[in-house]
>>> print(open('target32.txt').read())   # compact mmCIF, C-alpha atoms and all ligand atoms
# COMPACT_ATOMS: atom_id res chain seq x y z
CA MET G 1 46.47 34.54 -77.41
CA ILE G 2 47.80 34.02 -80.90
CA GLY G 3 45.11 31.44 -81.59
CA GLY G 4 42.34 33.62 -80.16
CA LEU G 5 43.39 36.68 -82.12
CA ALA G 6 43.56 34.60 -85.29
CA GLN G 7 40.03 33.28 -84.76
CA HIS G 8 38.66 36.79 -84.53
CA GLY G 9 40.39 37.87 -87.71
CA HIS G 10 43.13 39.92 -86.08
CA GLY G 11 45.83 38.22 -88.12
CA LYS G 12 48.29 41.09 -87.98
CA GLU G 13 47.82 41.50 -84.25
CA ALA G 14 48.39 37.75 -83.78
CA LEU G 15 51.65 38.01 -85.71
CA ARG G 16 52.66 41.01 -83.62
CA VAL G 17 52.19 38.95 -80.44
CA PHE G 18 54.13 36.12 -82.06
CA ASN G 19 57.05 38.42 -82.85
CA GLN G 20 56.95 39.77 -79.32
CA MET G 21 57.15 36.21 -78.04
CA LEU G 22 60.24 35.58 -80.16
CA LYS G 23 61.77 38.83 -78.96
CA TYR G 24 61.40 37.76 -75.35
CA GLY G 25 63.17 34.53 -76.18
CA VAL G 26 60.20 32.22 -75.74
CA SER G 27 60.61 29.37 -78.20
CA PRO G 28 57.56 28.51 -80.23
CA ASN G 29 56.57 24.90 -80.68
CA GLN G 30 54.77 23.19 -83.53
CA ILE G 31 51.37 24.15 -82.16
CA THR G 32 52.36 27.83 -81.98
CA LEU G 33 53.16 27.65 -85.66
CA VAL G 34 49.79 26.09 -86.43
CA SER G 35 48.20 29.15 -84.78
CA VAL G 36 50.53 31.48 -86.66
CA LEU G 37 49.64 29.91 -90.01
CA CYS G 38 46.00 30.04 -88.99
CA ALA G 39 46.41 33.78 -88.26
CA CYS G 40 47.92 34.32 -91.70
CA ASN G 41 45.10 32.29 -93.20
CA HIS G 42 42.30 34.29 -91.60
CA ALA G 43 43.95 37.54 -92.56
CA GLY G 44 44.87 36.45 -96.08
CA LEU G 45 48.58 36.97 -95.45
CA VAL G 46 49.90 34.49 -98.01
CA THR G 47 53.50 35.74 -98.29
CA GLU G 48 53.91 35.83 -94.53
CA ALA G 49 52.63 32.28 -94.20
CA GLN G 50 54.89 31.01 -96.95
CA LYS G 51 57.90 32.48 -95.20
CA TYR G 52 57.16 30.58 -91.98
CA PHE G 53 56.07 27.44 -93.77
CA ARG G 54 59.10 27.16 -96.03
CA SER G 55 61.74 27.83 -93.41
CA MET G 56 60.20 26.33 -90.30
CA LYS G 57 63.16 24.01 -89.78
CA GLU G 58 65.81 26.73 -90.15
CA LEU G 59 63.89 29.30 -88.13
CA PHE G 60 62.54 27.18 -85.29
CA GLY G 61 64.22 23.80 -85.54
CA PHE G 62 61.29 21.47 -86.04
CA GLU G 63 59.72 19.57 -88.90
CA ARG G 64 56.45 20.52 -90.49
CA THR G 65 53.54 18.43 -89.33
CA GLN G 66 50.41 17.39 -91.14
CA GLU G 67 48.55 20.33 -89.52
CA HIS G 68 51.00 22.82 -91.00
CA TYR G 69 50.45 21.36 -94.45
CA ALA G 70 46.69 21.36 -93.94
CA CYS G 71 46.77 25.04 -92.91
CA MET G 72 48.92 26.00 -95.87
CA ILE G 73 46.73 24.13 -98.36
CA ASP G 74 43.66 25.79 -96.89
CA LEU G 75 45.31 29.19 -97.09
CA LEU G 76 46.43 28.81 -100.71
CA GLY G 77 43.01 27.53 -101.68
CA ARG G 78 41.17 30.41 -100.08
CA ALA G 79 43.50 32.88 -101.73
CA GLY G 80 42.46 31.40 -105.06
CA ARG G 81 45.80 29.70 -105.69
CA LEU G 82 44.17 26.31 -106.12
CA ASP G 83 46.85 24.89 -108.39
CA GLU G 84 49.56 25.59 -105.83
CA ALA G 85 47.36 24.07 -103.14
CA MET G 86 46.87 20.95 -105.26
CA GLU G 87 50.60 20.78 -105.91
CA LEU G 88 51.23 20.77 -102.16
CA VAL G 89 48.70 17.97 -101.70
CA ASN G 90 50.53 15.89 -104.32
CA THR G 91 54.02 16.49 -102.95
CA MET G 92 53.56 16.48 -99.18
CA PRO G 93 54.98 13.59 -97.15
CA PHE G 94 51.53 12.81 -95.70
CA GLN G 95 48.38 11.29 -97.06
CA ALA G 96 45.81 14.08 -97.44
CA ASP G 97 43.02 13.47 -94.94
CA GLY G 98 39.42 14.59 -94.82
CA SER G 99 40.20 18.05 -93.47
CA VAL G 100 42.59 18.76 -96.36
CA TRP G 101 40.11 17.65 -99.00
CA GLY G 102 37.38 19.54 -97.16
CA ALA G 103 39.46 22.71 -97.32
CA LEU G 104 40.03 22.20 -101.03
CA LEU G 105 36.36 21.57 -101.65
CA GLY G 106 35.51 24.80 -99.81
CA ALA G 107 38.07 26.72 -101.81
CA ALA G 108 36.84 25.19 -105.06
CA ARG G 109 33.39 26.46 -104.18
CA ILE G 110 34.52 30.00 -103.47
CA HIS G 111 36.55 30.12 -106.67
CA LYS G 112 34.12 28.06 -108.77
CA ASN G 113 36.68 25.43 -109.75
CA VAL G 114 34.68 22.43 -110.93
CA GLU G 115 37.66 20.16 -111.60
CA ILE G 116 39.27 20.45 -108.16
CA GLY G 117 35.86 20.44 -106.52
CA GLN G 118 35.04 17.10 -108.12
CA ARG G 119 38.37 15.57 -107.16
CA ALA G 120 38.07 16.74 -103.56
CA ALA G 121 34.47 15.55 -103.29
CA GLU G 122 35.41 12.14 -104.69
CA MET G 123 38.08 11.72 -102.03
CA LEU G 124 35.80 12.97 -99.27
CA LEU G 125 33.05 10.53 -100.20
CA ILE G 126 35.59 7.72 -99.74
CA LEU G 127 37.23 9.08 -96.58
CA GLU G 128 34.19 10.49 -94.81
CA PRO G 129 31.11 8.94 -96.42
CA GLU G 130 28.95 9.80 -93.40
CA LYS G 131 29.37 13.55 -93.84
CA SER G 132 26.43 15.25 -95.50
CA GLY G 133 28.17 18.46 -96.52
CA THR G 134 30.16 16.98 -99.39
CA HIS G 135 27.28 16.45 -101.80
CA ILE G 136 25.90 19.87 -100.99
CA LEU G 137 29.16 21.71 -101.56
CA LEU G 138 29.72 19.97 -104.87
CA ALA G 139 26.14 20.75 -105.87
CA ASN G 140 26.84 24.38 -104.89
CA ILE G 141 29.81 24.45 -107.25
CA TYR G 142 27.73 23.03 -110.09
CA ALA G 143 24.98 25.55 -109.36
CA SER G 144 27.44 28.44 -109.34
CA VAL G 145 28.50 27.65 -112.89
CA GLY G 146 24.99 26.79 -114.08
CA MET G 147 25.54 23.02 -114.49
CA TRP G 148 21.94 22.21 -113.55
CA ASN G 149 22.03 18.63 -114.85
CA ASN G 150 24.81 17.84 -112.41
CA VAL G 151 22.96 19.64 -109.61
CA ALA G 152 19.96 17.40 -110.29
CA LYS G 153 22.24 14.34 -110.31
CA MET G 154 23.68 15.31 -106.94
CA ARG G 155 20.21 15.82 -105.51
CA ARG G 156 19.13 12.37 -106.70
CA LEU G 157 22.29 10.87 -105.22
CA MET G 158 21.63 12.60 -101.91
CA LYS G 159 18.10 11.26 -101.88
CA ASP G 160 19.23 7.74 -102.72
CA CYS G 161 21.91 7.79 -100.04
CA ASN G 162 19.46 9.35 -97.60
CA VAL G 163 21.69 12.35 -97.06
CA LYS G 164 19.84 15.12 -95.31
CA LYS G 165 20.96 18.68 -95.44
CA GLU G 166 21.56 19.89 -91.92
CA PRO G 167 19.18 22.82 -91.56
CA GLY G 168 20.75 26.19 -90.92
CA VAL G 169 19.82 27.62 -87.53
CA SER G 170 20.72 31.05 -86.21
CA TRP G 171 20.12 32.44 -82.79
CA ILE G 172 20.39 35.74 -81.00
CA GLU G 173 20.22 36.70 -77.35
CA VAL G 174 18.12 39.70 -76.42
CA LYS G 175 17.57 40.62 -72.76
CA ASP G 176 18.64 37.22 -71.42
CA LYS G 177 16.39 35.34 -73.80
CA ILE G 178 17.57 33.29 -76.74
CA TYR G 179 15.61 33.51 -79.99
CA THR G 180 16.15 30.84 -82.63
CA PHE G 181 15.44 31.14 -86.35
CA ILE G 182 15.39 28.79 -89.31
CA ALA G 183 15.14 29.89 -92.94
CA GLY G 184 11.73 31.33 -93.81
CA ASP G 185 10.72 31.21 -90.16
CA ARG G 186 7.39 32.85 -89.36
CA SER G 187 6.88 31.46 -85.88
CA HIS G 188 8.24 34.45 -84.00
CA VAL G 189 5.69 36.70 -82.29
CA ARG G 190 7.22 39.74 -83.99
CA SER G 191 7.46 37.93 -87.31
CA GLU G 192 5.56 40.63 -89.18
CA GLU G 193 7.91 43.37 -87.98
CA ILE G 194 10.93 41.22 -88.81
CA TYR G 195 9.81 40.72 -92.41
CA ALA G 196 8.89 44.37 -92.72
CA LYS G 197 12.40 45.24 -91.55
CA LEU G 198 13.90 42.90 -94.16
CA ASP G 199 11.80 44.51 -96.88
CA GLU G 200 12.95 47.94 -95.78
CA LEU G 201 16.56 46.78 -95.68
CA SER G 202 16.29 45.16 -99.08
CA GLU G 203 15.37 48.49 -100.59
CA ARG G 204 18.17 50.37 -98.88
CA LEU G 205 20.66 47.62 -99.72
CA GLY G 206 19.74 47.78 -103.38
CA LYS G 207 20.32 51.53 -103.39
CA ALA G 208 23.69 51.02 -101.70
CA GLY G 209 24.81 48.73 -104.51
CA TYR G 210 24.24 45.29 -103.05
CA ILE G 211 23.38 42.57 -105.55
CA PRO G 212 22.00 39.29 -104.16
CA LYS G 213 24.43 36.44 -104.80
CA VAL G 214 21.88 34.13 -106.34
CA GLU G 215 24.49 32.01 -108.13
CA PHE G 216 25.18 30.21 -104.86
CA ASP G 217 21.60 29.17 -104.36
CA LEU G 218 20.83 25.56 -105.17
CA HIS G 219 17.22 25.94 -106.18
CA ASP G 220 16.65 25.88 -109.90
CA VAL G 221 14.05 28.65 -109.82
CA GLU G 222 13.73 32.14 -111.26
CA ARG G 223 15.96 34.94 -110.05
CA ASP G 224 13.13 36.75 -108.23
CA GLU G 225 12.27 33.63 -106.29
CA LYS G 226 15.93 33.04 -105.43
CA GLU G 227 16.32 36.55 -104.10
CA LYS G 228 13.35 35.98 -101.86
CA LEU G 229 14.83 32.73 -100.53
CA LEU G 230 18.15 34.44 -99.84
CA TYR G 231 16.46 37.27 -97.96
CA HIS G 232 14.86 34.83 -95.58
CA HIS G 233 17.99 32.94 -94.49
CA SER G 234 18.06 32.25 -90.76
CA GLU G 235 20.94 34.62 -90.05
CA LYS G 236 19.19 37.49 -91.84
CA LEU G 237 16.05 36.92 -89.80
CA ALA G 238 18.12 36.94 -86.61
CA VAL G 239 19.89 40.15 -87.58
CA ALA G 240 16.59 41.81 -88.56
CA PHE G 241 15.16 40.85 -85.18
CA GLY G 242 18.29 42.22 -83.51
CA LEU G 243 17.73 45.51 -85.30
CA ILE G 244 14.17 45.94 -84.07
CA ALA G 245 14.70 44.50 -80.58
CA THR G 246 17.86 46.27 -79.43
CA PRO G 247 18.57 49.99 -78.96
CA ALA G 248 20.03 51.97 -81.85
CA GLY G 249 23.79 51.72 -82.02
CA ALA G 250 24.05 48.54 -79.94
CA PRO G 251 26.10 45.75 -81.50
CA ILE G 252 24.19 42.72 -82.76
CA ARG G 253 25.53 39.29 -81.84
CA VAL G 254 24.29 36.31 -83.81
CA LYS G 255 25.39 32.68 -83.89
CA LYS G 256 24.90 30.14 -86.62
CA ASN G 257 25.35 26.37 -86.64
CA LEU G 258 26.73 26.26 -90.19
CA ARG G 259 29.16 28.29 -92.21
CA VAL G 260 27.75 31.72 -93.10
CA CYS G 261 26.73 31.83 -96.75
CA MET G 262 28.33 34.12 -99.29
CA ASP G 263 25.19 36.19 -99.74
CA CYS G 264 24.51 36.82 -96.05
CA HIS G 265 28.17 37.72 -95.61
CA THR G 266 27.92 40.35 -98.34
CA ALA G 267 24.58 41.64 -97.09
CA PHE G 268 25.87 42.07 -93.52
CA LYS G 269 28.77 44.16 -94.71
CA PHE G 270 26.30 46.54 -96.35
CA ILE G 271 23.87 46.45 -93.42
CA SER G 272 26.60 47.30 -90.88
CA LYS G 273 27.26 50.46 -92.82
CA ILE G 274 23.67 51.42 -93.64
CA VAL G 275 22.42 51.16 -90.06
CA SER G 276 25.75 52.07 -88.38
CA ARG G 277 25.81 48.95 -86.25
CA GLU G 278 28.43 46.38 -85.56
CA ILE G 279 27.27 42.85 -86.36
CA ILE G 280 29.21 40.01 -84.78
CA LEU G 281 28.47 36.64 -86.25
CA ARG G 282 29.94 33.42 -84.98
CA ASP G 283 29.57 30.64 -87.53
CA ILE G 284 30.85 27.09 -87.37
CA ASN G 285 34.39 28.11 -88.28
CA ARG G 286 35.08 31.53 -86.87
CA TYR G 287 33.94 34.97 -85.81
CA HIS G 288 32.99 37.68 -88.29
CA HIS G 289 32.96 41.27 -87.09
CA PHE G 290 31.05 43.37 -89.62
CA LYS G 291 31.63 47.07 -89.26
CA ASP G 292 31.42 50.06 -91.59
CA GLY G 293 30.97 47.97 -94.69
CA SER G 294 33.65 45.37 -94.19
CA CYS G 295 34.31 42.18 -92.25
CA SER G 296 37.21 41.33 -89.96
CA CYS G 297 37.81 38.10 -91.89
CA GLY G 298 38.75 40.12 -94.94
CA ASP G 299 36.42 37.84 -96.92
CA TYR G 300 38.57 34.81 -96.22
CA TRP G 301 36.61 32.26 -94.26
ZN ZN T 401 22.68 33.16 -96.00
ZN ZN T 402 33.62 37.60 -92.54
>>> encode(input="target32.txt", output="structure tokens", more="lines below")
Ligand SMILES: [Zn+2]
Ligand SMILES: [Zn+2]
Amino acid sequence: MIGGLAQHGHGKEALRVFNQMLKYGVSPNQITLVSVLCACNHAGLVTEAQKYFRSMKELFGFERTQEHYACMIDLLGRAGRLDEAMELVNTMPFQADGSVWGALLGAARIHKNVEIGQRAAEMLLILEPEKSGTHILLANIYASVGMWNNVAKMRRLMKDCNVKKEPGVSWIEVKDKIYTFIAGDRSHVRSEEIYAKLDELSERLGKAGYIPKVEFDLHDVERDEKEKLLYHHSEKLAVAFGLIATPAGAPIRVKKNLRVCMDCHTAFKFISKIVSREIILRDINRYHHFKDGSCSCGDYW
């Protein structure tokens, strides 16, 4: 239960269940504490997590495992406390593995930290050379701070190493049928309506104060062009289709094979409010429940 609640962004609720468990005298084990830290992570509860992490031995009688460290490093990184996260990597009694460096790379991308991003990517390329995401994330960091020469270098490297970007795919179920979308998809029979819906939304979003997050786009093209590319991401197409194909007020459930991008995440917060619909998006890491202008993940994901 604690793990499930954490995954859906109900961090506080997960901690409430955990406290209830303690009250009833059920002893937690190391795995329980991984879920508890995960709950804190998804809800951005840094202080809470630190309390459990620091005094795990005194409170529950067991040593911290590699998973606990990994969770804590991830949590600090997401909260923007990258130096503390790095400090933990350097002092922990374990060798940092791919998941730890992956978490740091993700955090470096969110917080545009080139130095830590480079270090994490370096380690990942040694530990998990077969993974394609590393080059892309590092290129994303370079793009976000306008280091286009380095972006170009990464692209060349990816081409030389034959690294292919896994295409983003989103899908939505409407009346027992599954509809799949890729970025810029025009193969759907209602394609015209979908794009018209996106145009309409784009106008209303602009009025509501949404600004496309073009700095995370890798293409070295003009801002106008970037905005267009962002608007046609697979998850936006799926949501737009959900809007025209389901009755007003019904929640929209979309799934995506990769992590949801920063721009779509922001856009969906606005859309949930503008059209008064709940949007539930399951990406590769977790569930996002967008409602009334905010997301259940509290922007930590
Ligand atoms: Zn997107
Ligand atoms: Zn979210």
>>> residues_near_ligand(input="target32.txt", ligand="ligand ZN 402 (chain T)", cutoff="6 Å", atoms="only C-alpha atoms and all ligand atoms", output="JSON, numbers by chain")
{"G": [288, 295, 296, 297, 299]}
>>> residues_around(input="target32.txt", residues="Glu63 of chain G", least_positions_apart="6", cutoff="12 Å", atoms="all atoms listed in the file", output="ChimeraX atom specification")
/G:29-31,33,52-57,69,93
>>> closest_residue(input="target32.txt", among="G:Ile274, G:Ala183, G:Ala245, G:Leu15", to="ligand ZN 401 (chain T)", atoms="all atoms listed in the file")
G:Ala183
>>> residues_near_ligand(input="target32.txt", ligand="ligand ZN 401 (chain T)", cutoff="7 Å", atoms="all atoms listed in the file", output="list of chain:residue names")
G:Leu230, G:His233, G:Glu235, G:Lys236, G:Val260, G:Cys261, G:Met262, G:Asp263, G:Cys264
>>> closest_residue(input="target32.txt", among="G:Ala196, G:Lys23, G:Lys112, G:Ala39", to="Met1 of chain G", atoms="all atoms listed in the file")
G:Ala39
>>> residues_around(input="target32.txt", residues="Ala79 of chain G", least_positions_apart="5", cutoff="12 Å", atoms="all atoms listed in the file", output="number ranges by chain")
G: 40-47, 49, 72-74, 84-85, 103-104, 106-108, 110-111, 298-301
>>> closest_residue(input="target32.txt", among="G:Ile252, G:Leu88, G:Leu137, G:Cys71", to="Glu173 of chain G", atoms="only C-alpha atoms")
G:Ile252
>>> axis_aligned_box(input="target32.txt", around="segment 260-267 of chain G", padding_each_side="5 Å", output="JSON")
{"center_x": 26.4, "center_y": 36.7, "center_z": -96.4, "size_x": 13.8, "size_y": 19.9, "size_z": 16.6}
